[in-house]
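What follows is a single structure, written as structure tokens, with notes after it.
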Amino acid sequence: MARLEGKVALLTGAASGMGAAGARRFAEEGARVAVTDIRLDAAQAVVDEIRAAGGEANAYQHDVTSKQAWDTTVAAVAADFGKLNILVNNAGLPGHPETWDEAKIDDFEKLISLNVYAQFYGIQAVLPQFDAAGGGTIVNMSSIAGIIVWPDLHPAYGASKGANRILSKNAAVDLAKRNIRVNSVHPGIIHTPQSDYLVSNPDVMARLLPAIPMGRVGRPEEVANLVLFLAGDESSYITGQEFNIDGGYTTI
Ligand SMILES: NC(=O)c1ccc[n+]([C@@H]2O[C@H](COP(=O)([O-])OP(=O)(O)OC[C@H]3O[C@@H](n4cnc5c(N)ncnc54)[C@H](O)[C@@H]3O)[C@@H](O)[C@H]2O)c1
């Protein structure tokens with residue numbers, strides 16, 4: 001039996017990078033997948049790929065910073081697929097290089113809104129569907145910047161990703177009795193459009209690669225496999241945990 005047979009999963013920011021890799025992987029494992037993103041055309045392209053490979057998916061235009069958009073999207077997914085079992089709060093803004101002297105409060109608000117408020121809205125929005133289904137799983141995408149300091153980025157990036165980490169644990173403890181499990185995933189450098197400005201810069205890579213014990217950056221598909229494990233029943237006794245996926249970067 002496929003690993004997500006019978007499940008319905010909603011992934012945010014799933015038109016690109018790790019979200020798209022997760023959507024494809026979930027569909028391969030039998031889930032019916034709601035591919036949501038602020039960019040509908042790009043989400044539809046991922047859905048077309050999934051369907052061409054024999055999977056089931058629908059695309060939804062969904063700005064995760066809007067509480068109203070959450071309510072509308074979850075209602076549409078439940079109407080289309082009949083239920084919802086899995087939420088992957090993946091959409092997030094990258095940190096950009098910034099000094100403490102120049103950092104703008106507007107950028108702080110944007111990062112907190114997308115990286116923290118959106119995950120809070122998402123958890124709240126799926127609760128009625130999860131209760132109706134007898135439980136569910138949530139995977140919140142954080143970063144190693146929520147565990148250790150990533151220097152010289154806008155300070156709100158680490159603050160927002162650190163907030164994801166404790167938000168996940170808080171939800172895990174409070175929702176455990178409702179058979180809802182919540183875990184956070186903390187990628188190191190994974191080659192996606194969001195990190196391309198780092199990965200395609202040879203000077204940056206010459207500095208960063210020696211700090212990664214495995215000596216390379218990660219692939220979105222590698223993160224998708226971890227998210228798949230946490231979203232499915234194989235991780236049935238795991239909740240409130242944080243998982244670094246970084247080639248060993250945070251170990252030394
Ligand atoms: N790539 C990395 O190295 C890395 C490392 C650590 C953490 N992360 C985190 O992983 C997650 C996915 O990143 P990625 O690298 O795959 O990025 P990506 O840029 O490839 O994809 C992000 C997607 O989010 C969508 N998005 C942006 N704003 C949105 C909004 N308001 N509502 C809905 N969707 C929106 C974008 O359209 C895009 O499709 C993010 O939370 C990111 O912060 C990335």
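Labeling convention for the structure tokens: chains A, B, ... as they appear, residues from 1 per chain, ligands from 1 in order of appearance.
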Can you build me a table of chain A residues sitting at most 8 Å from ligand 1, with the closest atom pair per residue and its distance in Å to one decimal, using only C-alpha atoms and all ligand atoms, sorted by chain and residue number, as a Markdown table?
```
| residue | atom | partner | partner_atom_place_in_ligand_line | distance |
| --- | --- | --- | --- | --- |
| A:Thr12 | CA | ligand 1 | 34 (N) | 5.9 |
| A:Gly13 | CA | ligand 1 | 24 (O) | 3.5 |
| A:Ala14 | CA | ligand 1 | 39 (O) | 5.7 |
| A:Ala15 | CA | ligand 1 | 39 (O) | 4.2 |
| A:Ser16 | CA | ligand 1 | 39 (O) | 4.2 |
| A:Gly17 | CA | ligand 1 | 16 (O) | 3.4 |
| A:Met18 | CA | ligand 1 | 16 (O) | 3.8 |
| A:Gly19 | CA | ligand 1 | 16 (O) | 5.6 |
| A:Ala20 | CA | ligand 1 | 16 (O) | 7.5 |
| A:Thr36 | CA | ligand 1 | 33 (C) | 6.9 |
| A:Asp37 | CA | ligand 1 | 34 (N) | 4.0 |
| A:Ile38 | CA | ligand 1 | 33 (C) | 4.1 |
| A:Arg39 | CA | ligand 1 | 37 (O) | 5.3 |
| A:Ala42 | CA | ligand 1 | 39 (O) | 7.3 |
| A:Ala43 | CA | ligand 1 | 39 (O) | 7.6 |
| A:Gln61 | CA | ligand 1 | 33 (C) | 7.9 |
| A:His62 | CA | ligand 1 | 33 (C) | 5.5 |
| A:Asp63 | CA | ligand 1 | 32 (N) | 3.5 |
| A:Val64 | CA | ligand 1 | 32 (N) | 4.1 |
| A:Thr65 | CA | ligand 1 | 31 (N) | 5.3 |
| A:Ser66 | CA | ligand 1 | 31 (N) | 8.0 |
| A:Asn89 | CA | ligand 1 | 41 (O) | 7.7 |
| A:Asn90 | CA | ligand 1 | 41 (O) | 4.9 |
| A:Ala91 | CA | ligand 1 | 24 (O) | 4.1 |
| A:Gly92 | CA | ligand 1 | 41 (O) | 3.3 |
| A:Leu93 | CA | ligand 1 | 43 (O) | 5.1 |
| A:Pro94 | CA | ligand 1 | 43 (O) | 4.9 |
| A:Gly95 | CA | ligand 1 | 43 (O) | 7.4 |
| A:Leu114 | CA | ligand 1 | 31 (N) | 6.0 |
| A:Asn115 | CA | ligand 1 | 41 (O) | 6.6 |
| A:Met141 | CA | ligand 1 | 41 (O) | 5.3 |
| A:Ser142 | CA | ligand 1 | 7 (C) | 5.6 |
| A:Ser143 | CA | ligand 1 | 6 (C) | 4.0 |
| A:Ile144 | CA | ligand 1 | 6 (C) | 6.3 |
| A:Ala145 | CA | ligand 1 | 6 (C) | 7.2 |
| A:Lys161 | CA | ligand 1 | 43 (O) | 7.8 |
| A:His186 | CA | ligand 1 | 6 (C) | 6.2 |
| A:Pro187 | CA | ligand 1 | 6 (C) | 4.4 |
| A:Gly188 | CA | ligand 1 | 5 (C) | 5.0 |
| A:Ile189 | CA | ligand 1 | 3 (O) | 3.7 |
| A:Ile190 | CA | ligand 1 | 3 (O) | 3.8 |
| A:His191 | CA | ligand 1 | 1 (N) | 5.7 |
| A:Thr192 | CA | ligand 1 | 15 (O) | 4.7 |
| A:Pro193 | CA | ligand 1 | 20 (O) | 4.6 |
| A:Gln194 | CA | ligand 1 | 19 (O) | 3.9 |
| A:Ser195 | CA | ligand 1 | 1 (N) | 4.7 |
| A:Asp196 | CA | ligand 1 | 1 (N) | 7.9 |
| A:Gly218 | CA | ligand 1 | 3 (O) | 7.9 |
| A:Pro220 | CA | ligand 1 | 16 (O) | 7.0 |
```
Selected residues written out with C-alpha atoms, as a PDB file, in the first residue's frame:
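As written to disk, out_31.pdb reads:
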```
ATOM      1  CA  THR A  12       1.380  25.875   0.929  1.00  0.00           C
ATOM      2  CA  GLY A  13       3.954  27.590  -1.275  1.00  0.00           C
ATOM      3  CA  ALA A  14       3.802  24.399  -3.318  1.00  0.00           C
ATOM      4  CA  ALA A  15       4.358  25.947  -6.745  1.00  0.00           C
ATOM      5  CA  SER A  16       8.128  25.857  -6.301  1.00  0.00           C
ATOM      6  CA  GLY A  17      11.099  24.382  -4.463  1.00  0.00           C
ATOM      7  CA  MET A  18      10.472  22.171  -1.447  1.00  0.00           C
ATOM      8  CA  GLY A  19       6.696  22.645  -1.523  1.00  0.00           C
ATOM      9  CA  ALA A  20       6.475  21.431  -5.128  1.00  0.00           C
ATOM     10  CA  THR A  36      -1.667  26.005  -2.903  1.00  0.00           C
ATOM     11  CA  ASP A  37       0.398  29.086  -3.689  1.00  0.00           C
ATOM     12  CA  ILE A  38       0.021  32.821  -4.140  1.00  0.00           C
ATOM     13  CA  ARG A  39       0.944  32.134  -7.818  1.00  0.00           C
ATOM     14  CA  ALA A  42       2.760  28.049 -11.210  1.00  0.00           C
ATOM     15  CA  ALA A  43       0.675  25.902  -8.827  1.00  0.00           C
ATOM     16  CA  GLN A  61      -4.676  30.497  -5.320  1.00  0.00           C
ATOM     17  CA  HIS A  62      -3.888  31.082  -1.661  1.00  0.00           C
ATOM     18  CA  ASP A  63      -2.108  33.971   0.055  1.00  0.00           C
ATOM     19  CA  VAL A  64      -1.159  32.438   3.394  1.00  0.00           C
ATOM     20  CA  THR A  65      -0.879  35.842   5.097  1.00  0.00           C
ATOM     21  CA  SER A  66      -4.655  36.294   4.806  1.00  0.00           C
ATOM     22  CA  ASN A  89       2.952  25.024   6.265  1.00  0.00           C
ATOM     23  CA  ASN A  90       5.770  25.497   3.780  1.00  0.00           C
ATOM     24  CA  ALA A  91       5.384  28.967   2.200  1.00  0.00           C
ATOM     25  CA  GLY A  92       7.987  31.373   3.517  1.00  0.00           C
ATOM     26  CA  LEU A  93      10.049  34.387   2.552  1.00  0.00           C
ATOM     27  CA  PRO A  94      13.828  34.062   2.386  1.00  0.00           C
ATOM     28  CA  GLY A  95      16.071  36.065   4.637  1.00  0.00           C
ATOM     29  CA  LEU A 114       4.576  35.171   6.177  1.00  0.00           C
ATOM     30  CA  ASN A 115       6.760  32.962   8.348  1.00  0.00           C
ATOM     31  CA  MET A 141       8.752  24.475   7.583  1.00  0.00           C
ATOM     32  CA  SER A 142      11.267  26.389   9.665  1.00  0.00           C
ATOM     33  CA  SER A 143      15.031  26.619   8.999  1.00  0.00           C
ATOM     34  CA  ILE A 144      18.335  25.948  10.715  1.00  0.00           C
ATOM     35  CA  ALA A 145      18.177  29.741  11.194  1.00  0.00           C
ATOM     36  CA  LYS A 161      12.023  30.795  12.013  1.00  0.00           C
ATOM     37  CA  HIS A 186      14.718  22.842   9.684  1.00  0.00           C
ATOM     38  CA  PRO A 187      16.521  22.772   6.338  1.00  0.00           C
ATOM     39  CA  GLY A 188      20.073  23.975   5.836  1.00  0.00           C
ATOM     40  CA  ILE A 189      20.914  25.205   2.349  1.00  0.00           C
ATOM     41  CA  ILE A 190      18.632  23.481  -0.128  1.00  0.00           C
ATOM     42  CA  HIS A 191      18.942  24.421  -3.792  1.00  0.00           C
ATOM     43  CA  THR A 192      15.651  26.093  -4.718  1.00  0.00           C
ATOM     44  CA  PRO A 193      14.783  29.408  -6.399  1.00  0.00           C
ATOM     45  CA  GLN A 194      14.836  30.978  -2.915  1.00  0.00           C
ATOM     46  CA  SER A 195      18.469  30.013  -2.206  1.00  0.00           C
ATOM     47  CA  ASP A 196      19.798  30.317  -5.739  1.00  0.00           C
ATOM     48  CA  GLY A 218      20.615  19.635  -0.275  1.00  0.00           C
ATOM     49  CA  PRO A 220      14.251  19.660  -2.418  1.00  0.00           C
TER      50      PRO A 220
END
```
Which of segment 41-88 of chain A fall in helix (DSSP H, G or I), as an MDAnalysis selection string: chainID A and resid 41:52 67:81
Could you write out that same residue set with N, CA and C atoms as a compact mmCIF listing (two decimals), in the first residue's frame?
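result-v4.txt, written as the output of this step:
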```
# COMPACT_ATOMS: atom_id res chain seq x y z
N ASP A 41 -0.87 30.16 -11.51
CA ASP A 41 -0.38 29.51 -12.74
C ASP A 41 0.73 28.52 -12.43
N ALA A 42 1.64 28.93 -11.55
CA ALA A 42 2.76 28.05 -11.21
C ALA A 42 2.26 26.83 -10.42
N ALA A 43 1.25 27.04 -9.56
CA ALA A 43 0.68 25.90 -8.83
C ALA A 43 0.00 24.94 -9.80
N GLN A 44 -0.70 25.51 -10.80
CA GLN A 44 -1.39 24.67 -11.79
C GLN A 44 -0.38 23.84 -12.59
N ALA A 45 0.81 24.41 -12.85
CA ALA A 45 1.84 23.66 -13.60
C ALA A 45 2.29 22.43 -12.80
N VAL A 46 2.39 22.58 -11.47
CA VAL A 46 2.76 21.43 -10.63
C VAL A 46 1.65 20.39 -10.66
N VAL A 47 0.41 20.85 -10.60
CA VAL A 47 -0.74 19.94 -10.66
C VAL A 47 -0.76 19.19 -12.00
N ASP A 48 -0.49 19.90 -13.09
CA ASP A 48 -0.48 19.25 -14.41
C ASP A 48 0.55 18.12 -14.43
N GLU A 49 1.71 18.38 -13.84
CA GLU A 49 2.78 17.36 -13.78
C GLU A 49 2.32 16.14 -12.97
N ILE A 50 1.70 16.43 -11.81
CA ILE A 50 1.23 15.33 -10.94
C ILE A 50 0.19 14.49 -11.66
N ARG A 51 -0.74 15.17 -12.33
CA ARG A 51 -1.80 14.42 -13.04
C ARG A 51 -1.20 13.61 -14.19
N ALA A 52 -0.22 14.20 -14.89
CA ALA A 52 0.40 13.48 -16.02
C ALA A 52 1.09 12.22 -15.53
N LYS A 67 -6.02 35.56 6.67
CA LYS A 67 -6.84 34.59 7.41
C LYS A 67 -8.06 34.18 6.58
N GLN A 68 -8.62 35.18 5.88
CA GLN A 68 -9.80 34.89 5.06
C GLN A 68 -9.47 33.90 3.93
N ALA A 69 -8.27 34.08 3.35
CA ALA A 69 -7.87 33.16 2.27
C ALA A 69 -7.70 31.74 2.82
N TRP A 70 -7.25 31.62 4.05
CA TRP A 70 -7.15 30.29 4.66
C TRP A 70 -8.53 29.63 4.76
N ASP A 71 -9.49 30.40 5.28
CA ASP A 71 -10.83 29.82 5.46
C ASP A 71 -11.41 29.39 4.11
N THR A 72 -11.26 30.26 3.10
CA THR A 72 -11.79 29.96 1.77
C THR A 72 -11.09 28.74 1.17
N THR A 73 -9.77 28.68 1.31
CA THR A 73 -9.01 27.59 0.67
C THR A 73 -9.31 26.25 1.34
N VAL A 74 -9.32 26.24 2.68
CA VAL A 74 -9.60 24.97 3.37
C VAL A 74 -11.02 24.49 3.03
N ALA A 75 -11.97 25.42 2.95
CA ALA A 75 -13.35 25.04 2.59
C ALA A 75 -13.38 24.46 1.17
N ALA A 76 -12.63 25.07 0.26
CA ALA A 76 -12.62 24.57 -1.13
C ALA A 76 -11.97 23.19 -1.22
N VAL A 77 -10.90 22.98 -0.47
CA VAL A 77 -10.22 21.67 -0.49
C VAL A 77 -11.15 20.60 0.07
N ALA A 78 -11.82 20.94 1.18
CA ALA A 78 -12.73 19.96 1.80
C ALA A 78 -13.90 19.65 0.86
N ALA A 79 -14.38 20.67 0.15
CA ALA A 79 -15.49 20.45 -0.80
C ALA A 79 -15.01 19.57 -1.97
N ASP A 80 -13.79 19.80 -2.44
CA ASP A 80 -13.28 19.05 -3.61
C ASP A 80 -12.91 17.61 -3.25
N PHE A 81 -12.28 17.43 -2.08
CA PHE A 81 -11.73 16.10 -1.76
C PHE A 81 -12.48 15.40 -0.61
```
Taking a cut-off of 10 Å and counting only C-alpha atoms, can you build a table that, for each residue of segment 10-74 of chain A near segment 231-247 of chain A, reports the nearest atom pair and how far apart they are in Å (one decimal), sorted by chain then residue number, as CSV?
```
residue,atom,partner,partner_atom,distance
A:Phe26,CA,A:Ala231,CA,9.2
A:Glu29,CA,A:Gly232,CA,9.9
A:Ala31,CA,A:Gly232,CA,9.9
```
Selected residue of minimal separation from Ala21 of chain A among A:Val223, A:Leu87, A:Leu209, A:Ile252, counting only C-alpha atoms: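 Among A:Val223, A:Leu87, A:Leu209, A:Ile252, it is A:Val223 that comes nearest to Ala21 of chain A.
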Counting only C-alpha atoms, the residue of A:Val139, A:Ala133, A:Met214, A:Ala156 that sits nearest Lys110 of chain A: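 Under the stated criterion, the closest residue is A:Ala156.
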Nearest-residue call for Asp106 of chain A, choices A:Pro213, A:His154, A:Arg181, A:Val126, using only C-alpha atoms: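 Comparing A:Pro213, A:His154, A:Arg181, A:Val126 against Asp106 of chain A, the winner is A:His154.
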Close residues, Ala171 of chain A itself excluded, 12 Å, only C-alpha atoms, min 2 positions apart in chain, as an MDAnalysis selection string: chainID A and resid 119:120 122:124 127 137:140 164:169 173:184 239:241
Just the selected residues (N, CA and C atoms), exported as a PDB file, in the first residue's frame, please.
```pdb
ATOM      1  N   GLN A 119       1.469  30.507   9.595  1.00  0.00           N
ATOM      2  CA  GLN A 119       1.434  29.139  10.140  1.00  0.00           C
ATOM      3  C   GLN A 119       0.375  29.055  11.244  1.00  0.00           C
ATOM      4  N   PHE A 120       0.248  30.117  12.024  1.00  0.00           N
ATOM      5  CA  PHE A 120      -0.800  30.160  13.057  1.00  0.00           C
ATOM      6  C   PHE A 120      -2.194  30.092  12.419  1.00  0.00           C
ATOM      7  N   GLY A 122      -2.950  28.885   9.572  1.00  0.00           N
ATOM      8  CA  GLY A 122      -3.111  27.574   8.947  1.00  0.00           C
ATOM      9  C   GLY A 122      -3.521  26.519   9.963  1.00  0.00           C
ATOM     10  N   ILE A 123      -2.857  26.512  11.097  1.00  0.00           N
ATOM     11  CA  ILE A 123      -3.184  25.507  12.126  1.00  0.00           C
ATOM     12  C   ILE A 123      -4.633  25.705  12.567  1.00  0.00           C
ATOM     13  N   GLN A 124      -5.004  26.967  12.821  1.00  0.00           N
ATOM     14  CA  GLN A 124      -6.388  27.241  13.249  1.00  0.00           C
ATOM     15  C   GLN A 124      -7.404  26.809  12.190  1.00  0.00           C
ATOM     16  N   LEU A 127      -8.324  22.945  11.890  1.00  0.00           N
ATOM     17  CA  LEU A 127      -8.800  22.182  13.058  1.00  0.00           C
ATOM     18  C   LEU A 127     -10.180  21.539  12.866  1.00  0.00           C
ATOM     19  N   THR A 137      -2.091  15.565  10.753  1.00  0.00           N
ATOM     20  CA  THR A 137      -0.679  15.897  10.992  1.00  0.00           C
ATOM     21  C   THR A 137      -0.348  17.245  10.363  1.00  0.00           C
ATOM     22  N   ILE A 138       0.551  17.954  11.036  1.00  0.00           N
ATOM     23  CA  ILE A 138       1.002  19.265  10.548  1.00  0.00           C
ATOM     24  C   ILE A 138       2.532  19.255  10.538  1.00  0.00           C
ATOM     25  N   VAL A 139       3.096  19.692   9.422  1.00  0.00           N
ATOM     26  CA  VAL A 139       4.544  19.872   9.341  1.00  0.00           C
ATOM     27  C   VAL A 139       4.791  21.347   9.043  1.00  0.00           C
ATOM     28  N   ASN A 140       5.510  22.011   9.938  1.00  0.00           N
ATOM     29  CA  ASN A 140       5.822  23.424   9.761  1.00  0.00           C
ATOM     30  C   ASN A 140       7.249  23.570   9.266  1.00  0.00           C
ATOM     31  N   ASN A 164       8.605  29.801  14.567  1.00  0.00           N
ATOM     32  CA  ASN A 164       7.983  28.582  13.992  1.00  0.00           C
ATOM     33  C   ASN A 164       8.226  27.378  14.873  1.00  0.00           C
ATOM     34  N   ARG A 165       9.474  27.300  15.341  1.00  0.00           N
ATOM     35  CA  ARG A 165       9.898  26.120  16.106  1.00  0.00           C
ATOM     36  C   ARG A 165       9.047  25.976  17.371  1.00  0.00           C
ATOM     37  N   ILE A 166       8.892  27.064  18.120  1.00  0.00           N
ATOM     38  CA  ILE A 166       8.173  26.948  19.385  1.00  0.00           C
ATOM     39  C   ILE A 166       6.664  26.948  19.156  1.00  0.00           C
ATOM     40  N   LEU A 167       6.218  27.600  18.074  1.00  0.00           N
ATOM     41  CA  LEU A 167       4.794  27.529  17.702  1.00  0.00           C
ATOM     42  C   LEU A 167       4.401  26.070  17.452  1.00  0.00           C
ATOM     43  N   SER A 168       5.270  25.345  16.771  1.00  0.00           N
ATOM     44  CA  SER A 168       4.995  23.936  16.456  1.00  0.00           C
ATOM     45  C   SER A 168       4.905  23.111  17.730  1.00  0.00           C
ATOM     46  N   LYS A 169       5.845  23.336  18.641  1.00  0.00           N
ATOM     47  CA  LYS A 169       5.859  22.552  19.887  1.00  0.00           C
ATOM     48  C   LYS A 169       4.617  22.878  20.716  1.00  0.00           C
ATOM     49  N   VAL A 173       1.720  20.086  21.784  1.00  0.00           N
ATOM     50  CA  VAL A 173       1.304  19.735  23.143  1.00  0.00           C
ATOM     51  C   VAL A 173      -0.199  19.980  23.316  1.00  0.00           C
ATOM     52  N   ASP A 174      -0.662  21.132  22.860  1.00  0.00           N
ATOM     53  CA  ASP A 174      -2.074  21.487  23.085  1.00  0.00           C
ATOM     54  C   ASP A 174      -3.041  20.623  22.271  1.00  0.00           C
ATOM     55  N   LEU A 175      -2.590  20.114  21.127  1.00  0.00           N
ATOM     56  CA  LEU A 175      -3.513  19.396  20.228  1.00  0.00           C
ATOM     57  C   LEU A 175      -3.342  17.881  20.268  1.00  0.00           C
ATOM     58  N   ALA A 176      -2.397  17.405  21.089  1.00  0.00           N
ATOM     59  CA  ALA A 176      -2.089  15.960  21.083  1.00  0.00           C
ATOM     60  C   ALA A 176      -3.307  15.111  21.427  1.00  0.00           C
ATOM     61  N   LYS A 177      -4.122  15.586  22.356  1.00  0.00           N
ATOM     62  CA  LYS A 177      -5.283  14.787  22.786  1.00  0.00           C
ATOM     63  C   LYS A 177      -6.352  14.715  21.694  1.00  0.00           C
ATOM     64  N   ARG A 178      -6.224  15.572  20.672  1.00  0.00           N
ATOM     65  CA  ARG A 178      -7.167  15.523  19.538  1.00  0.00           C
ATOM     66  C   ARG A 178      -6.577  14.696  18.392  1.00  0.00           C
ATOM     67  N   ASN A 179      -5.509  13.924  18.711  1.00  0.00           N
ATOM     68  CA  ASN A 179      -4.864  13.062  17.714  1.00  0.00           C
ATOM     69  C   ASN A 179      -4.273  13.887  16.557  1.00  0.00           C
ATOM     70  N   ILE A 180      -3.803  15.088  16.915  1.00  0.00           N
ATOM     71  CA  ILE A 180      -3.152  15.952  15.917  1.00  0.00           C
ATOM     72  C   ILE A 180      -1.670  16.037  16.287  1.00  0.00           C
ATOM     73  N   ARG A 181      -0.806  15.666  15.359  1.00  0.00           N
ATOM     74  CA  ARG A 181       0.639  15.720  15.595  1.00  0.00           C
ATOM     75  C   ARG A 181       1.240  16.892  14.815  1.00  0.00           C
ATOM     76  N   VAL A 182       2.207  17.577  15.456  1.00  0.00           N
ATOM     77  CA  VAL A 182       2.820  18.754  14.832  1.00  0.00           C
ATOM     78  C   VAL A 182       4.337  18.669  15.011  1.00  0.00           C
ATOM     79  N   ASN A 183       5.063  18.779  13.928  1.00  0.00           N
ATOM     80  CA  ASN A 183       6.529  18.765  13.991  1.00  0.00           C
ATOM     81  C   ASN A 183       7.088  19.862  13.091  1.00  0.00           C
ATOM     82  N   SER A 184       8.337  20.254  13.357  1.00  0.00           N
ATOM     83  CA  SER A 184       8.960  21.269  12.494  1.00  0.00           C
ATOM     84  C   SER A 184      10.185  20.697  11.791  1.00  0.00           C
ATOM     85  N   THR A 239       5.727  13.675  17.965  1.00  0.00           N
ATOM     86  CA  THR A 239       5.105  15.006  17.901  1.00  0.00           C
ATOM     87  C   THR A 239       5.917  15.999  18.729  1.00  0.00           C
ATOM     88  N   GLY A 240       5.853  17.261  18.331  1.00  0.00           N
ATOM     89  CA  GLY A 240       6.549  18.326  19.068  1.00  0.00           C
ATOM     90  C   GLY A 240       8.052  18.331  18.852  1.00  0.00           C
ATOM     91  N   GLN A 241       8.505  17.666  17.783  1.00  0.00           N
ATOM     92  CA  GLN A 241       9.951  17.539  17.576  1.00  0.00           C
ATOM     93  C   GLN A 241      10.433  18.444  16.445  1.00  0.00           C
TER      94      GLN A 241
END
```
All strand (DSSP E or B) residues (DSSP, backbone) inside segment 74-250 of chain A, as a PyMOL selection string: chain A and resi 86-89+97+136-141+153+180-187+190+218+242-245
Can you write out the residues you just picked, keeping N, CA and C atoms, as a JSON list (two decimals), in the first residue's frame?
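Wrote again.json, looks like this:
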```json
[["chain", "number", "residue", "atom", "x", "y", "z"],
["A", 86, "ILE", "N", -3.76, 16.30, 6.27],
["A", 86, "ILE", "CA", -2.35, 16.72, 6.41],
["A", 86, "ILE", "C", -2.22, 18.19, 5.98],
["A", 87, "LEU", "N", -1.51, 18.97, 6.80],
["A", 87, "LEU", "CA", -1.16, 20.35, 6.43],
["A", 87, "LEU", "C", 0.35, 20.50, 6.45],
["A", 88, "VAL", "N", 0.91, 21.02, 5.36],
["A", 88, "VAL", "CA", 2.33, 21.37, 5.35],
["A", 88, "VAL", "C", 2.43, 22.88, 5.18],
["A", 89, "ASN", "N", 2.78, 23.57, 6.26],
["A", 89, "ASN", "CA", 2.95, 25.02, 6.26],
["A", 89, "ASN", "C", 4.34, 25.32, 5.74],
["A", 97, "PRO", "N", 20.28, 39.56, 2.97],
["A", 97, "PRO", "CA", 21.39, 40.16, 3.69],
["A", 97, "PRO", "C", 20.99, 41.55, 4.20],
["A", 136, "GLY", "N", -5.04, 14.45, 12.59],
["A", 136, "GLY", "CA", -4.31, 14.89, 11.41],
["A", 136, "GLY", "C", -2.86, 15.17, 11.76],
["A", 137, "THR", "N", -2.09, 15.56, 10.75],
["A", 137, "THR", "CA", -0.68, 15.90, 10.99],
["A", 137, "THR", "C", -0.35, 17.24, 10.36],
["A", 138, "ILE", "N", 0.55, 17.95, 11.04],
["A", 138, "ILE", "CA", 1.00, 19.26, 10.55],
["A", 138, "ILE", "C", 2.53, 19.26, 10.54],
["A", 139, "VAL", "N", 3.10, 19.69, 9.42],
["A", 139, "VAL", "CA", 4.54, 19.87, 9.34],
["A", 139, "VAL", "C", 4.79, 21.35, 9.04],
["A", 140, "ASN", "N", 5.51, 22.01, 9.94],
["A", 140, "ASN", "CA", 5.82, 23.42, 9.76],
["A", 140, "ASN", "C", 7.25, 23.57, 9.27],
["A", 141, "MET", "N", 7.42, 24.28, 8.14],
["A", 141, "MET", "CA", 8.75, 24.48, 7.58],
["A", 141, "MET", "C", 9.41, 25.65, 8.30],
["A", 153, "LEU", "N", 21.96, 38.24, 8.10],
["A", 153, "LEU", "CA", 20.65, 38.32, 7.45],
["A", 153, "LEU", "C", 19.79, 39.31, 8.23],
["A", 180, "ILE", "N", -3.80, 15.09, 16.91],
["A", 180, "ILE", "CA", -3.15, 15.95, 15.92],
["A", 180, "ILE", "C", -1.67, 16.04, 16.29],
["A", 181, "ARG", "N", -0.81, 15.67, 15.36],
["A", 181, "ARG", "CA", 0.64, 15.72, 15.59],
["A", 181, "ARG", "C", 1.24, 16.89, 14.82],
["A", 182, "VAL", "N", 2.21, 17.58, 15.46],
["A", 182, "VAL", "CA", 2.82, 18.75, 14.83],
["A", 182, "VAL", "C", 4.34, 18.67, 15.01],
["A", 183, "ASN", "N", 5.06, 18.78, 13.93],
["A", 183, "ASN", "CA", 6.53, 18.77, 13.99],
["A", 183, "ASN", "C", 7.09, 19.86, 13.09],
["A", 184, "SER", "N", 8.34, 20.25, 13.36],
["A", 184, "SER", "CA", 8.96, 21.27, 12.49],
["A", 184, "SER", "C", 10.18, 20.70, 11.79],
["A", 185, "VAL", "N", 10.39, 21.19, 10.56],
["A", 185, "VAL", "CA", 11.52, 20.77, 9.74],
["A", 185, "VAL", "C", 12.44, 21.98, 9.54],
["A", 186, "HIS", "N", 13.74, 21.75, 9.70],
["A", 186, "HIS", "CA", 14.72, 22.84, 9.68],
["A", 186, "HIS", "C", 15.78, 22.57, 8.63],
["A", 187, "PRO", "N", 15.53, 23.01, 7.38],
["A", 187, "PRO", "CA", 16.52, 22.77, 6.34],
["A", 187, "PRO", "C", 17.74, 23.68, 6.49],
["A", 190, "ILE", "N", 19.25, 24.39, 0.83],
["A", 190, "ILE", "CA", 18.63, 23.48, -0.13],
["A", 190, "ILE", "C", 18.52, 24.25, -1.43],
["A", 218, "GLY", "N", 21.64, 20.68, -0.18],
["A", 218, "GLY", "CA", 20.61, 19.64, -0.28],
["A", 218, "GLY", "C", 19.71, 19.83, -1.48],
["A", 242, "GLU", "N", 11.74, 18.71, 16.46],
["A", 242, "GLU", "CA", 12.36, 19.52, 15.41],
["A", 242, "GLU", "C", 13.38, 18.65, 14.68],
["A", 243, "PHE", "N", 13.38, 18.74, 13.36],
["A", 243, "PHE", "CA", 14.24, 17.87, 12.55],
["A", 243, "PHE", "C", 15.12, 18.74, 11.65],
["A", 244, "ASN", "N", 16.44, 18.73, 11.94],
["A", 244, "ASN", "CA", 17.37, 19.44, 11.07],
["A", 244, "ASN", "C", 17.69, 18.56, 9.87],
["A", 245, "ILE", "N", 17.72, 19.17, 8.70],
["A", 245, "ILE", "CA", 18.10, 18.43, 7.48],
["A", 245, "ILE", "C", 19.08, 19.32, 6.73]]
```
Residue contacts of Lys7 of chain A (8 Å, only C-alpha atoms) excluding same-chain residues fewer than 3 positions away, as an MDAnalysis selection string: chainID A and resid 4 30:32 84:86
Among the residues A:Val116, A:Ile212, A:Val33, A:Ala224, the one that comes closest to Ala163 of chain A [using only C-alpha atoms]: A:Val116
Residue nearest Tyr60 of chain A among A:Leu10, A:Ala125, A:Leu40, A:Leu228 (counting only C-alpha atoms):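 Closest candidate: A:Leu40.
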